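> Input structure: work.cif, which contains mmCIF, N, CA and C atoms.
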data_coords
loop_
_atom_site.label_atom_id
_atom_site.label_comp_id
_atom_site.auth_asym_id
_atom_site.auth_seq_id
_atom_site.Cartn_x
_atom_site.Cartn_y
_atom_site.Cartn_z
N MET A 110 0.84 -1.17 0.00
CA MET A 110 0.00 0.00 0.00
C MET A 110 0.89 1.24 0.00
N ALA A 111 0.64 2.15 -0.91
CA ALA A 111 1.45 3.37 -1.03
C ALA A 111 1.09 4.36 0.07
N ASN A 112 2.08 5.05 0.55
CA ASN A 112 1.86 6.10 1.55
C ASN A 112 1.76 7.43 0.83
N HIS A 113 0.57 8.03 0.83
CA HIS A 113 0.35 9.27 0.11
C HIS A 113 0.38 10.50 1.01
N SER A 114 0.83 10.33 2.25
CA SER A 114 0.90 11.49 3.14
C SER A 114 2.05 12.39 2.70
N LYS A 115 2.00 13.64 3.17
CA LYS A 115 3.05 14.56 2.77
C LYS A 115 4.37 14.15 3.39
N PRO A 116 5.50 14.45 2.72
CA PRO A 116 6.80 14.05 3.23
C PRO A 116 7.10 14.72 4.58
N GLN A 117 7.84 14.03 5.42
CA GLN A 117 8.20 14.55 6.73
C GLN A 117 9.37 15.53 6.56
N THR A 118 9.09 16.82 6.68
CA THR A 118 10.14 17.83 6.57
C THR A 118 10.33 18.57 7.88
N ASP A 119 9.51 18.27 8.87
CA ASP A 119 9.55 18.99 10.14
C ASP A 119 10.88 18.86 10.86
N LEU A 120 11.46 17.69 10.86
CA LEU A 120 12.59 17.45 11.72
C LEU A 120 13.91 17.27 10.98
N LEU A 121 14.05 17.94 9.86
CA LEU A 121 15.30 17.90 9.12
C LEU A 121 16.36 18.72 9.85
N PRO A 122 17.64 18.39 9.66
CA PRO A 122 18.69 19.17 10.30
C PRO A 122 18.64 20.64 9.89
N GLY A 123 19.03 21.51 10.82
CA GLY A 123 19.01 22.94 10.55
C GLY A 123 19.84 23.34 9.35
N ALA A 124 20.96 22.64 9.11
CA ALA A 124 21.82 22.99 7.98
C ALA A 124 21.06 22.86 6.65
N VAL A 125 20.16 21.88 6.58
CA VAL A 125 19.35 21.70 5.36
C VAL A 125 18.43 22.90 5.18
N HIS A 126 17.74 23.28 6.25
CA HIS A 126 16.85 24.44 6.19
C HIS A 126 17.61 25.70 5.78
N GLU A 127 18.76 25.92 6.41
CA GLU A 127 19.50 27.15 6.17
C GLU A 127 20.05 27.22 4.75
N GLU A 128 20.66 26.14 4.28
CA GLU A 128 21.20 26.14 2.92
C GLU A 128 20.09 26.31 1.89
N MET A 129 18.98 25.62 2.07
CA MET A 129 17.89 25.73 1.11
C MET A 129 17.21 27.09 1.18
N PHE A 130 17.15 27.71 2.36
CA PHE A 130 16.62 29.07 2.49
C PHE A 130 17.45 30.02 1.64
N VAL A 131 18.76 29.93 1.77
CA VAL A 131 19.66 30.79 0.99
C VAL A 131 19.52 30.50 -0.49
N GLN A 132 19.58 29.23 -0.88
CA GLN A 132 19.52 28.87 -2.30
C GLN A 132 18.21 29.28 -2.96
N SER A 133 17.12 29.26 -2.21
CA SER A 133 15.81 29.54 -2.79
C SER A 133 15.33 30.98 -2.65
N PHE A 134 15.70 31.64 -1.55
CA PHE A 134 15.07 32.92 -1.25
C PHE A 134 16.01 34.13 -1.22
N ILE A 135 17.30 33.92 -1.41
CA ILE A 135 18.27 35.02 -1.45
C ILE A 135 18.60 35.30 -2.91
N GLU A 136 18.78 36.58 -3.24
CA GLU A 136 19.14 36.96 -4.61
C GLU A 136 20.35 36.17 -5.08
N LYS A 137 20.33 35.73 -6.32
CA LYS A 137 21.37 34.86 -6.85
C LYS A 137 22.77 35.44 -6.68
N ALA A 138 22.94 36.72 -6.93
CA ALA A 138 24.26 37.35 -6.84
C ALA A 138 24.80 37.37 -5.41
N ARG A 139 23.95 37.16 -4.42
CA ARG A 139 24.38 37.25 -3.01
C ARG A 139 24.40 35.90 -2.30
N ARG A 140 24.04 34.84 -2.99
CA ARG A 140 23.91 33.54 -2.35
C ARG A 140 25.22 33.01 -1.77
N GLU A 141 26.28 33.07 -2.55
CA GLU A 141 27.56 32.54 -2.08
C GLU A 141 28.00 33.25 -0.80
N ARG A 142 27.92 34.58 -0.81
CA ARG A 142 28.29 35.35 0.38
C ARG A 142 27.36 35.02 1.55
N ALA A 143 26.08 34.90 1.27
CA ALA A 143 25.12 34.59 2.33
C ALA A 143 25.42 33.23 2.96
N LEU A 144 25.78 32.24 2.16
CA LEU A 144 26.11 30.92 2.70
C LEU A 144 27.33 30.97 3.60
N VAL A 145 28.34 31.74 3.19
CA VAL A 145 29.54 31.89 4.01
C VAL A 145 29.18 32.54 5.35
N LEU A 146 28.40 33.62 5.30
CA LEU A 146 28.00 34.30 6.54
C LEU A 146 27.15 33.38 7.42
N MET A 147 26.24 32.64 6.81
CA MET A 147 25.34 31.76 7.55
C MET A 147 26.13 30.69 8.29
N LYS A 148 27.18 30.17 7.66
CA LYS A 148 27.93 29.06 8.22
C LYS A 148 29.08 29.49 9.14
N THR A 149 29.32 30.79 9.25
CA THR A 149 30.40 31.29 10.09
C THR A 149 29.81 31.94 11.33
N PRO A 150 29.85 31.25 12.47
CA PRO A 150 29.18 31.77 13.67
C PRO A 150 29.53 33.22 14.01
N ALA A 151 30.78 33.61 13.86
CA ALA A 151 31.19 34.97 14.21
C ALA A 151 30.64 36.02 13.23
N LYS A 152 30.21 35.59 12.05
CA LYS A 152 29.72 36.53 11.03
C LYS A 152 28.23 36.37 10.73
N ARG A 153 27.61 35.41 11.35
CA ARG A 153 26.20 35.14 11.08
C ARG A 153 25.32 36.38 11.29
N HIS A 154 25.63 37.18 12.31
CA HIS A 154 24.86 38.39 12.57
C HIS A 154 24.90 39.37 11.41
N GLU A 155 25.97 39.33 10.60
CA GLU A 155 26.03 40.20 9.42
C GLU A 155 24.91 39.85 8.45
N LEU A 156 24.67 38.56 8.28
CA LEU A 156 23.61 38.13 7.37
C LEU A 156 22.24 38.51 7.92
N THR A 157 21.99 38.22 9.18
CA THR A 157 20.68 38.56 9.73
C THR A 157 20.48 40.06 9.74
N GLY A 158 21.56 40.82 9.87
CA GLY A 158 21.46 42.28 9.79
C GLY A 158 21.07 42.74 8.39
N LYS A 159 21.64 42.13 7.36
CA LYS A 159 21.27 42.46 5.97
C LYS A 159 19.81 42.10 5.72
N LEU A 160 19.39 40.98 6.25
CA LEU A 160 18.02 40.51 6.02
C LEU A 160 17.00 41.29 6.85
N ALA A 161 17.45 41.95 7.92
CA ALA A 161 16.53 42.69 8.79
C ALA A 161 15.72 43.73 8.02
N HIS A 162 16.33 44.32 7.02
CA HIS A 162 15.65 45.32 6.19
C HIS A 162 15.14 44.70 4.90
N LEU A 163 15.15 43.36 4.89
CA LEU A 163 14.68 42.56 3.76
C LEU A 163 15.55 42.75 2.53
N ASN A 164 16.77 43.26 2.74
CA ASN A 164 17.77 43.30 1.67
C ASN A 164 18.17 41.86 1.38
N TRP A 165 18.55 41.61 0.19
CA TRP A 165 19.05 40.32 -0.27
C TRP A 165 17.95 39.31 -0.57
N LEU A 166 16.70 39.55 -0.15
CA LEU A 166 15.65 38.59 -0.47
C LEU A 166 15.31 38.66 -1.95
N ASP A 167 15.07 37.53 -2.56
CA ASP A 167 14.65 37.46 -3.95
C ASP A 167 13.15 37.76 -3.98
N GLU A 168 12.80 38.95 -4.42
CA GLU A 168 11.42 39.43 -4.37
C GLU A 168 10.46 38.60 -5.21
N ARG A 169 10.98 37.83 -6.15
CA ARG A 169 10.10 37.00 -6.99
C ARG A 169 9.33 35.98 -6.16
N TYR A 170 9.89 35.61 -5.01
CA TYR A 170 9.28 34.55 -4.22
C TYR A 170 8.67 35.07 -2.92
N ALA A 171 8.61 36.39 -2.77
CA ALA A 171 8.11 36.99 -1.53
C ALA A 171 6.77 37.67 -1.78
N THR A 172 5.79 37.35 -0.95
CA THR A 172 4.48 37.97 -1.02
C THR A 172 4.18 38.58 0.35
N GLN A 173 3.96 39.89 0.36
CA GLN A 173 3.64 40.53 1.63
C GLN A 173 2.33 39.99 2.16
N VAL A 174 2.27 39.79 3.46
CA VAL A 174 1.06 39.29 4.11
C VAL A 174 0.32 40.48 4.71
N PRO A 175 -0.74 40.94 4.05
CA PRO A 175 -1.49 42.08 4.59
C PRO A 175 -2.33 41.66 5.79
N ALA A 176 -2.65 42.63 6.63
CA ALA A 176 -3.47 42.36 7.82
C ALA A 176 -4.82 41.76 7.45
N SER A 177 -5.32 42.08 6.26
CA SER A 177 -6.62 41.53 5.85
C SER A 177 -6.55 40.02 5.64
N VAL A 178 -5.34 39.49 5.43
CA VAL A 178 -5.16 38.05 5.24
C VAL A 178 -4.85 37.37 6.57
N ALA A 179 -3.97 37.96 7.35
CA ALA A 179 -3.59 37.40 8.65
C ALA A 179 -3.04 38.51 9.52
N HIS A 180 -3.67 38.73 10.66
CA HIS A 180 -3.17 39.79 11.53
C HIS A 180 -2.93 39.33 12.97
N THR A 181 -2.98 38.03 13.20
CA THR A 181 -2.61 37.47 14.50
C THR A 181 -1.63 36.33 14.26
N SER A 182 -0.94 35.94 15.30
CA SER A 182 0.01 34.83 15.15
C SER A 182 -0.72 33.54 14.78
N ASP A 183 -1.90 33.32 15.33
CA ASP A 183 -2.67 32.11 14.99
C ASP A 183 -3.08 32.11 13.52
N GLU A 184 -3.46 33.27 13.00
CA GLU A 184 -3.85 33.36 11.58
C GLU A 184 -2.64 33.13 10.67
N LEU A 185 -1.47 33.61 11.08
CA LEU A 185 -0.26 33.38 10.28
C LEU A 185 0.12 31.90 10.28
N VAL A 186 0.00 31.24 11.42
CA VAL A 186 0.27 29.81 11.49
C VAL A 186 -0.71 29.06 10.59
N ALA A 187 -1.98 29.43 10.64
CA ALA A 187 -2.98 28.78 9.78
C ALA A 187 -2.66 29.00 8.31
N LEU A 188 -2.21 30.20 7.94
CA LEU A 188 -1.82 30.49 6.56
C LEU A 188 -0.66 29.58 6.13
N LEU A 189 0.34 29.45 6.98
CA LEU A 189 1.47 28.58 6.66
C LEU A 189 1.04 27.13 6.54
N LYS A 190 0.19 26.68 7.42
CA LYS A 190 -0.28 25.29 7.36
C LYS A 190 -1.11 25.03 6.12
N ARG A 191 -1.92 26.01 5.69
CA ARG A 191 -2.68 25.86 4.44
C ARG A 191 -1.75 25.71 3.25
N ASN A 192 -0.54 26.23 3.39
CA ASN A 192 0.45 26.15 2.31
C ASN A 192 1.43 25.00 2.49
N GLY A 193 1.15 24.12 3.44
CA GLY A 193 1.93 22.89 3.57
C GLY A 193 2.86 22.79 4.77
N ALA A 194 2.92 23.81 5.62
CA ALA A 194 3.80 23.76 6.79
C ALA A 194 3.39 22.64 7.72
N GLY A 195 4.37 22.07 8.39
CA GLY A 195 4.12 21.04 9.39
C GLY A 195 4.07 21.66 10.78
N GLN A 196 4.39 20.86 11.76
CA GLN A 196 4.30 21.29 13.16
C GLN A 196 5.50 22.09 13.64
N TYR A 197 6.64 21.98 12.94
CA TYR A 197 7.88 22.60 13.38
C TYR A 197 8.43 23.56 12.33
N ALA A 198 9.24 24.51 12.80
CA ALA A 198 9.93 25.44 11.90
C ALA A 198 11.36 25.63 12.40
N TRP A 199 12.27 25.85 11.45
CA TRP A 199 13.65 26.18 11.79
C TRP A 199 13.75 27.70 11.81
N VAL A 200 14.35 28.24 12.87
CA VAL A 200 14.39 29.69 13.08
C VAL A 200 15.76 30.26 12.71
N ILE A 201 15.74 31.30 11.89
CA ILE A 201 16.92 32.11 11.56
C ILE A 201 16.56 33.51 12.03
N SER A 202 17.32 34.06 12.98
CA SER A 202 16.87 35.30 13.60
C SER A 202 18.02 36.17 14.10
N GLU A 203 17.74 37.48 14.15
CA GLU A 203 18.66 38.39 14.82
C GLU A 203 18.67 38.13 16.32
N ASP A 204 17.58 37.59 16.85
CA ASP A 204 17.48 37.28 18.27
C ASP A 204 18.28 36.00 18.52
N LYS A 205 19.41 36.15 19.19
CA LYS A 205 20.31 35.01 19.39
C LYS A 205 19.72 33.91 20.26
N THR A 206 18.68 34.23 21.05
CA THR A 206 18.04 33.19 21.85
C THR A 206 17.14 32.29 21.00
N LEU A 207 16.77 32.77 19.81
CA LEU A 207 15.93 32.00 18.90
C LEU A 207 16.71 31.40 17.73
N ASP A 208 17.74 32.10 17.29
CA ASP A 208 18.48 31.73 16.09
C ASP A 208 19.05 30.32 16.17
N GLY A 209 18.88 29.59 15.06
CA GLY A 209 19.46 28.25 14.98
C GLY A 209 18.75 27.20 15.81
N ARG A 210 17.46 27.43 16.03
CA ARG A 210 16.67 26.48 16.83
C ARG A 210 15.49 25.96 16.02
N GLN A 211 15.10 24.76 16.33
CA GLN A 211 13.87 24.20 15.78
C GLN A 211 12.81 24.27 16.86
N LEU A 212 11.69 24.89 16.51
CA LEU A 212 10.62 25.09 17.49
C LEU A 212 9.29 24.68 16.88
N PRO A 213 8.33 24.33 17.73
CA PRO A 213 6.98 24.15 17.19
C PRO A 213 6.55 25.45 16.50
N LEU A 214 5.94 25.32 15.34
CA LEU A 214 5.58 26.49 14.54
C LEU A 214 4.75 27.49 15.32
N ASP A 215 3.73 27.03 16.02
CA ASP A 215 2.88 27.98 16.75
C ASP A 215 3.66 28.69 17.86
N GLU A 216 4.55 27.99 18.54
CA GLU A 216 5.37 28.60 19.58
C GLU A 216 6.33 29.63 18.98
N ALA A 217 6.95 29.27 17.86
CA ALA A 217 7.88 30.20 17.21
C ALA A 217 7.16 31.47 16.78
N MET A 218 5.98 31.32 16.19
CA MET A 218 5.23 32.49 15.72
C MET A 218 4.81 33.37 16.89
N LYS A 219 4.33 32.76 17.96
CA LYS A 219 3.93 33.55 19.13
C LYS A 219 5.13 34.27 19.75
N THR A 220 6.29 33.63 19.71
CA THR A 220 7.50 34.22 20.28
C THR A 220 7.95 35.44 19.49
N ILE A 221 7.85 35.38 18.17
CA ILE A 221 8.31 36.52 17.35
C ILE A 221 7.24 37.58 17.17
N TRP A 222 6.01 37.27 17.57
CA TRP A 222 4.91 38.21 17.40
C TRP A 222 5.20 39.50 18.18
N GLY A 223 5.22 40.60 17.48
CA GLY A 223 5.40 41.89 18.13
C GLY A 223 6.83 42.33 18.33
N ILE A 224 7.82 41.47 18.04
CA ILE A 224 9.20 41.93 18.16
C ILE A 224 9.64 42.54 16.84
N CYS A 225 10.52 43.48 16.91
CA CYS A 225 11.01 44.16 15.71
C CYS A 225 12.44 43.75 15.41
N GLN A 226 12.63 42.46 15.21
CA GLN A 226 13.92 41.91 14.82
C GLN A 226 13.66 40.95 13.67
N PHE A 227 14.62 40.88 12.76
CA PHE A 227 14.47 39.95 11.64
C PHE A 227 14.37 38.53 12.17
N THR A 228 13.39 37.81 11.65
CA THR A 228 13.26 36.38 11.93
C THR A 228 12.64 35.70 10.71
N ALA A 229 13.22 34.58 10.34
CA ALA A 229 12.66 33.73 9.29
C ALA A 229 12.30 32.39 9.93
N LEU A 230 11.15 31.89 9.58
CA LEU A 230 10.72 30.57 10.01
C LEU A 230 10.69 29.69 8.76
N SER A 231 11.63 28.79 8.66
CA SER A 231 11.69 27.87 7.52
C SER A 231 10.80 26.68 7.83
N CYS A 232 9.75 26.54 7.04
CA CYS A 232 8.76 25.48 7.27
C CYS A 232 9.01 24.26 6.39
N ILE A 233 9.26 24.48 5.12
CA ILE A 233 9.63 23.42 4.18
C ILE A 233 10.90 23.92 3.50
N PRO A 234 12.04 23.25 3.72
CA PRO A 234 13.32 23.77 3.22
C PRO A 234 13.28 24.14 1.73
N GLY A 235 13.57 25.42 1.47
CA GLY A 235 13.64 25.90 0.10
C GLY A 235 12.31 26.06 -0.60
N LYS A 236 11.21 25.77 0.09
CA LYS A 236 9.89 25.84 -0.54
C LYS A 236 8.94 26.79 0.17
N LEU A 237 8.98 26.82 1.50
CA LEU A 237 8.02 27.63 2.26
C LEU A 237 8.68 28.19 3.51
N ALA A 238 8.56 29.51 3.66
CA ALA A 238 9.09 30.18 4.85
C ALA A 238 8.24 31.41 5.14
N PHE A 239 8.36 31.90 6.34
CA PHE A 239 7.74 33.15 6.74
C PHE A 239 8.87 34.05 7.22
N VAL A 240 8.80 35.33 6.83
CA VAL A 240 9.83 36.29 7.23
C VAL A 240 9.17 37.51 7.84
N ARG A 241 9.73 37.94 8.95
CA ARG A 241 9.34 39.21 9.57
C ARG A 241 10.59 40.07 9.63
N GLY A 242 10.50 41.27 9.03
CA GLY A 242 11.62 42.21 9.06
C GLY A 242 11.55 43.10 10.28
N GLU A 243 12.44 44.07 10.34
CA GLU A 243 12.49 44.98 11.48
C GLU A 243 11.36 45.99 11.51
N SER A 244 10.92 46.43 10.35
CA SER A 244 9.94 47.51 10.30
C SER A 244 8.51 46.97 10.38
N MET A 245 7.59 47.86 10.69
CA MET A 245 6.18 47.50 10.73
C MET A 245 5.73 47.05 9.34
N LYS A 246 4.76 46.17 9.31
CA LYS A 246 4.18 45.67 8.06
C LYS A 246 5.23 45.04 7.15
N SER A 247 6.18 44.35 7.75
CA SER A 247 7.21 43.70 6.94
C SER A 247 7.15 42.18 7.15
N GLU A 248 5.97 41.63 6.92
CA GLU A 248 5.76 40.20 7.04
C GLU A 248 5.54 39.62 5.65
N TYR A 249 6.32 38.59 5.33
CA TYR A 249 6.26 38.03 3.98
C TYR A 249 6.17 36.51 4.03
N LEU A 250 5.38 35.98 3.14
CA LEU A 250 5.32 34.56 2.88
C LEU A 250 6.29 34.32 1.74
N LEU A 251 7.22 33.41 1.93
CA LEU A 251 8.18 33.05 0.89
C LEU A 251 7.82 31.68 0.37
N GLN A 252 7.59 31.61 -0.94
CA GLN A 252 7.23 30.35 -1.58
C GLN A 252 8.03 30.20 -2.85
N HIS A 253 8.65 29.04 -3.00
CA HIS A 253 9.44 28.73 -4.18
C HIS A 253 8.85 27.50 -4.84
N PRO A 254 8.67 27.55 -6.15
CA PRO A 254 8.07 26.39 -6.83
C PRO A 254 8.93 25.14 -6.74
#
Turn this file's structure into structure tokens for me.


Amino acid sequence: MANHSKPQTDLLPGAVHEEMFVQSFIEKARRERALVLMKTPAKRHELTGKLAHLNWLDERYATQVPASVAHTSDELVALLKRNGAGQYAWVISEDKTLDGRQLPLDEAMKTIWGICQFTALSCIPGKLAFVRGESMKSEYLLQHP
């Protein structure tokens, strides 16, 4: 009997999430540099700093999430789940207490709700992520075909 359930992507290693995030959602000309920064602990903050203002994101795959679509953390989690997210997300963040951690998606979203620091929640490596920038109204759904 074939198993037709969706593939298990929730508990993949963080390195997979991070590399695929860069390969799929960072502008092509900046990918190599972004990977170096991502993998170098002493320089990782440089990358999250660049991303805080949503610089370096490949806009082709970013859709702003207006308040009319989702304006609470629960609504954002529901939006991600409708697009295939599982129970967990890998966190890339300016907040060092969150960065490089795998958290339940709802917990991660509630934790970043209302903070003004860059945070990306990678839900499906290279395919689905949520990004919150530093400024107000800077919430984006990232989807790559």

> What's the separation between atom C of Ala179 in chain A and atom N of Gly123 in chain A, in Å to one decimal place?

27.9 Å

> One number please: CA of Cys232 in chain A to CA of Leu214 in chain A, in Å, one decimal.

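Separation between CA of Cys232 in chain A and CA of Leu214 in chain A: 8.0 Å.
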
> Considering only C-alpha atoms, state which residue in the set A:Thr228, A:Gln132, A:Ser244, A:Gln252 is at the smallest distance from His154 in chain A.

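Among A:Thr228, A:Gln132, A:Ser244, A:Gln252, it is A:Thr228 that comes nearest to His154 in chain A.
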
> Extract, using only C-alpha atoms, all DNA, RNA and protein residues at most 12 Å from Arg153 in chain A, discarding same-chain residues fewer than 3 positions from it, and format them as a list in words.

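What passes the distance filter is Glu127, Arg142, Ala143, Leu144, Val145, Leu146, Met147, Lys148, Thr149, Pro150, Leu156, Thr157, Gly158, Lys159, Leu160, Ile201, Ser202, Glu203, Asp204, Lys205, Asp208 and Gly209 of chain A.
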
> Between atom C of Leu250 in chain A and atom C of Lys152 in chain A, what distance in Å does the model show, to one decimal?

23.8 Å

> Among range 128-242 of chain A, which residues carry a DSSP assignment of alpha helix (DSSP H), reported as a VMD selection string?

chain A and resid 128 to 134 140 to 148 153 to 161 182 to 191 214 to 221
